[in-house]
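Participant: To start, I am sharing the structure in question, which I have written as structure tokens.
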Amino acid sequence: MGARRVLSVLSMGCGLLVGVALATWVVLWVSLRSSAVRVPELAGMEISKASATLQDMGLVARIQEGVFNPKVGVGRIATQRPGPGIELKRGAAVLLYPSLGKAVQTVGDLVGMPLSLASSELENEGLTAGTLCEVQGEAAGVVVLAHTPAAGAQVAPGSPVALLVNRVPELKHYVMPEFVGTAESDATRVLQALGFQLAAVQRVPYPGAPSGVVLRQSPVAGHPVAQAAVIGLWVSR
């Protein structure tokens, strides 16, 4: 009799544990099911409507970089991650990729072009000049040094292209030649050939020297000078 009682108590205890475990599993399953939602189909929707739809379902919209899709209008949702029908917990994020339309424009190579020509080229390609960044002394003229998107990139019509432009031409540097004792005409010819600017020539008397001979110069010979520097000469009269 005692053994039967023990077995009966054990049987009841096991049944109770099984019942509790089953009830707990059912509660968890119901809880998980009630907190999960199916991702809707958002392709083709406007961004604002797609975002509102997800918000109403307890999900979060994350707008990503646009993608080219000729079948979806510009600004509407081209694709989504995860796709429709996938179950997510409330509060989870859905990635939305808006359409950039059909990629019909290819950015040309503008590097080395004068700014005016580069702007004209962009206009011919159906694009626009975007942000203009300027530097100095990086090239021999006012030319485009780089641009983004780069040459060959496929972009939507009317897209802006940012330009990096050298605004002030690079200056060449020289060592100042020796002109003292040479004829004024020879000195002038060399200075003009090197791109220097000649200041007003100072004519001074110098006994024993023929007229038209360079007596003094500024800067002196051997001094470093930049292209377009102003040079002064003192010439005998």
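Going by the structure tokens order, chains are called A, B, ..., each with residues numbered from 1, while ligands are numbered from 1 in the order shown.
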Could you list, as a ChimeraX atom specification, every residue within 12 Å of range 149-163 of chain A, counting only C-alpha atoms and ignoring same-chain residues fewer than 3 positions away?
Facilitator: /A:66-70,73-75,99-116,118-119,121-135,143-146,166-167
Participant: Enumerate as a JSON list (two decimals) with C-alpha atoms, in the first residue's frame all residues of range 37-232 of chain A assigned to alpha helix (DSSP H) by DSSP on the backbone, naming them with the chain letters and numbers the document uses.
Facilitator:
```json
[["chain", "number", "residue", "atom", "x", "y", "z"],
["A", 47, "ILE", "CA", 9.16, 56.83, -49.20],
["A", 48, "SER", "CA", 6.85, 58.69, -46.82],
["A", 49, "LYS", "CA", 4.01, 56.17, -47.28],
["A", 50, "ALA", "CA", 6.33, 53.17, -46.89],
["A", 51, "SER", "CA", 7.78, 54.64, -43.70],
["A", 52, "ALA", "CA", 4.31, 55.32, -42.28],
["A", 53, "THR", "CA", 3.16, 51.78, -43.13],
["A", 54, "LEU", "CA", 6.09, 50.26, -41.25],
["A", 55, "GLN", "CA", 5.58, 52.59, -38.29],
["A", 56, "ASP", "CA", 1.93, 51.57, -37.99],
["A", 115, "LEU", "CA", 36.55, 75.15, -65.80],
["A", 116, "SER", "CA", 34.44, 76.79, -68.50],
["A", 117, "LEU", "CA", 34.89, 73.83, -70.85],
["A", 118, "ALA", "CA", 34.15, 71.31, -68.07],
["A", 119, "SER", "CA", 30.91, 73.14, -67.22],
["A", 120, "SER", "CA", 29.90, 73.10, -70.87],
["A", 121, "GLU", "CA", 30.71, 69.38, -71.12],
["A", 122, "LEU", "CA", 28.52, 68.61, -68.09],
["A", 123, "GLU", "CA", 25.66, 70.55, -69.63],
["A", 124, "ASN", "CA", 26.03, 68.58, -72.88],
["A", 184, "GLU", "CA", 69.85, 96.48, -71.96],
["A", 185, "SER", "CA", 68.25, 94.96, -75.08],
["A", 186, "ASP", "CA", 69.66, 91.49, -74.35],
["A", 187, "ALA", "CA", 68.58, 91.62, -70.71],
["A", 188, "THR", "CA", 65.08, 92.75, -71.66],
["A", 189, "ARG", "CA", 64.69, 89.94, -74.21],
["A", 190, "VAL", "CA", 65.68, 87.24, -71.69],
["A", 191, "LEU", "CA", 63.43, 88.64, -68.97],
["A", 192, "GLN", "CA", 60.41, 88.71, -71.26],
["A", 193, "ALA", "CA", 61.11, 85.16, -72.47]]
```
Participant: Give me the residues near Leu171 in chain A as a PDB file with C-alpha atoms, in the first residue's frame, where near means some atom within 12 Å (using only C-alpha atoms) and where sequence neighbours in that chain fewer than 6 positions away do not count.
Facilitator:
```
ATOM      1  CA  GLN A 136      45.946  77.219 -55.706  1.00  0.00           C
ATOM      2  CA  GLY A 137      49.228  76.462 -57.400  1.00  0.00           C
ATOM      3  CA  GLU A 138      48.490  72.808 -58.237  1.00  0.00           C
ATOM      4  CA  ALA A 139      48.476  73.161 -62.034  1.00  0.00           C
ATOM      5  CA  ALA A 140      49.648  75.477 -64.792  1.00  0.00           C
ATOM      6  CA  GLY A 141      46.166  76.902 -65.391  1.00  0.00           C
ATOM      7  CA  LEU A 194      61.104  83.916 -68.862  1.00  0.00           C
ATOM      8  CA  GLY A 195      57.799  85.653 -68.134  1.00  0.00           C
ATOM      9  CA  PHE A 196      59.151  88.288 -65.770  1.00  0.00           C
ATOM     10  CA  VAL A 225      62.600  84.311 -58.201  1.00  0.00           C
ATOM     11  CA  ALA A 226      59.104  83.201 -59.213  1.00  0.00           C
ATOM     12  CA  GLN A 227      57.628  83.514 -62.662  1.00  0.00           C
ATOM     13  CA  ALA A 228      55.989  86.921 -63.240  1.00  0.00           C
ATOM     14  CA  ALA A 229      58.237  88.536 -60.616  1.00  0.00           C
TER      15      ALA A 229
END
```
Participant: Can you work out which one of A:Val72, A:Met45, A:Val180, A:Ala36 has the shortest atom-to-atom distance to Ile86 in chain A, counting only C-alpha atoms?
Facilitator: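 That would be A:Ala36, the residue with the smallest distance to Ile86 in chain A.
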Participant: Among the residues of range 124-217 of chain A, find those DSSP assigns to strand (DSSP E or B) from the backbone and print them as a ChimeraX atom specification.
Facilitator: /A:128-136,143-148,154-155,160-168,173-175,183,197-198,202-204,213-217
Participant: Next, the residues of the selection above should be written as a PDB file, in the first residue's frame with C-alpha atoms.
Facilitator:
```
ATOM      1  CA  THR A 128      25.110  69.894 -63.634  1.00  0.00           C
ATOM      2  CA  ALA A 129      28.167  71.363 -61.900  1.00  0.00           C
ATOM      3  CA  GLY A 130      27.774  70.725 -58.175  1.00  0.00           C
ATOM      4  CA  THR A 131      30.019  71.758 -55.309  1.00  0.00           C
ATOM      5  CA  LEU A 132      33.078  73.724 -56.468  1.00  0.00           C
ATOM      6  CA  CYS A 133      36.230  73.327 -54.360  1.00  0.00           C
ATOM      7  CA  GLU A 134      39.224  75.500 -55.211  1.00  0.00           C
ATOM      8  CA  VAL A 135      42.956  75.174 -54.579  1.00  0.00           C
ATOM      9  CA  GLN A 136      45.946  77.219 -55.706  1.00  0.00           C
ATOM     10  CA  VAL A 143      41.691  73.544 -64.756  1.00  0.00           C
ATOM     11  CA  VAL A 144      39.757  70.669 -63.157  1.00  0.00           C
ATOM     12  CA  LEU A 145      42.010  68.501 -60.978  1.00  0.00           C
ATOM     13  CA  ALA A 146      39.418  65.884 -59.931  1.00  0.00           C
ATOM     14  CA  HIS A 147      35.680  65.320 -59.770  1.00  0.00           C
ATOM     15  CA  THR A 148      33.102  63.069 -58.153  1.00  0.00           C
ATOM     16  CA  GLN A 154      26.567  55.946 -64.268  1.00  0.00           C
ATOM     17  CA  VAL A 155      24.304  58.581 -62.758  1.00  0.00           C
ATOM     18  CA  PRO A 160      25.405  67.200 -59.819  1.00  0.00           C
ATOM     19  CA  VAL A 161      29.131  66.574 -60.269  1.00  0.00           C
ATOM     20  CA  ALA A 162      31.449  68.091 -57.646  1.00  0.00           C
ATOM     21  CA  LEU A 163      34.597  69.688 -59.077  1.00  0.00           C
ATOM     22  CA  LEU A 164      38.035  70.319 -57.593  1.00  0.00           C
ATOM     23  CA  VAL A 165      39.526  73.246 -59.524  1.00  0.00           C
ATOM     24  CA  ASN A 166      42.947  74.864 -59.521  1.00  0.00           C
ATOM     25  CA  ARG A 167      42.050  78.537 -59.354  1.00  0.00           C
ATOM     26  CA  VAL A 168      45.497  80.231 -59.305  1.00  0.00           C
ATOM     27  CA  HIS A 173      60.683  79.319 -60.127  1.00  0.00           C
ATOM     28  CA  TYR A 174      64.052  80.376 -61.472  1.00  0.00           C
ATOM     29  CA  VAL A 175      67.500  81.389 -60.311  1.00  0.00           C
ATOM     30  CA  ALA A 183      73.269  95.266 -73.036  1.00  0.00           C
ATOM     31  CA  GLN A 197      57.692  91.763 -65.487  1.00  0.00           C
ATOM     32  CA  LEU A 198      60.209  94.530 -66.088  1.00  0.00           C
ATOM     33  CA  GLN A 202      66.334 103.541 -64.100  1.00  0.00           C
ATOM     34  CA  ARG A 203      68.847 105.362 -66.331  1.00  0.00           C
ATOM     35  CA  VAL A 204      71.829 106.711 -64.436  1.00  0.00           C
ATOM     36  CA  VAL A 213      74.682  98.801 -70.306  1.00  0.00           C
ATOM     37  CA  VAL A 214      73.095  97.193 -67.219  1.00  0.00           C
ATOM     38  CA  LEU A 215      74.858  98.520 -64.113  1.00  0.00           C
ATOM     39  CA  ARG A 216      72.705  97.005 -61.404  1.00  0.00           C
ATOM     40  CA  GLN A 217      69.778  94.620 -61.057  1.00  0.00           C
TER      41      GLN A 217
END
```
Participant: As an MDAnalysis selection string, please: the residues near Glu65 in chain A (cut-off 8 Å, only C-alpha atoms, same-chain neighbours under 2 positions excluded).
Facilitator: chainID A and resid 63 67 97:98
Participant: For CA of Tyr206 in chain A and CA of Pro177 in chain A, determine how far apart the two atoms are, in Å to one decimal place.
Facilitator: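 These atoms are spaced 22.3 Å apart.
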Participant: Can you measure CA of Val220 in chain A to CA of Phe179 in chain A for me? One decimal in Å is fine.
Facilitator: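 Between CA of Val220 in chain A and CA of Phe179 in chain A the gap is 8.9 Å.
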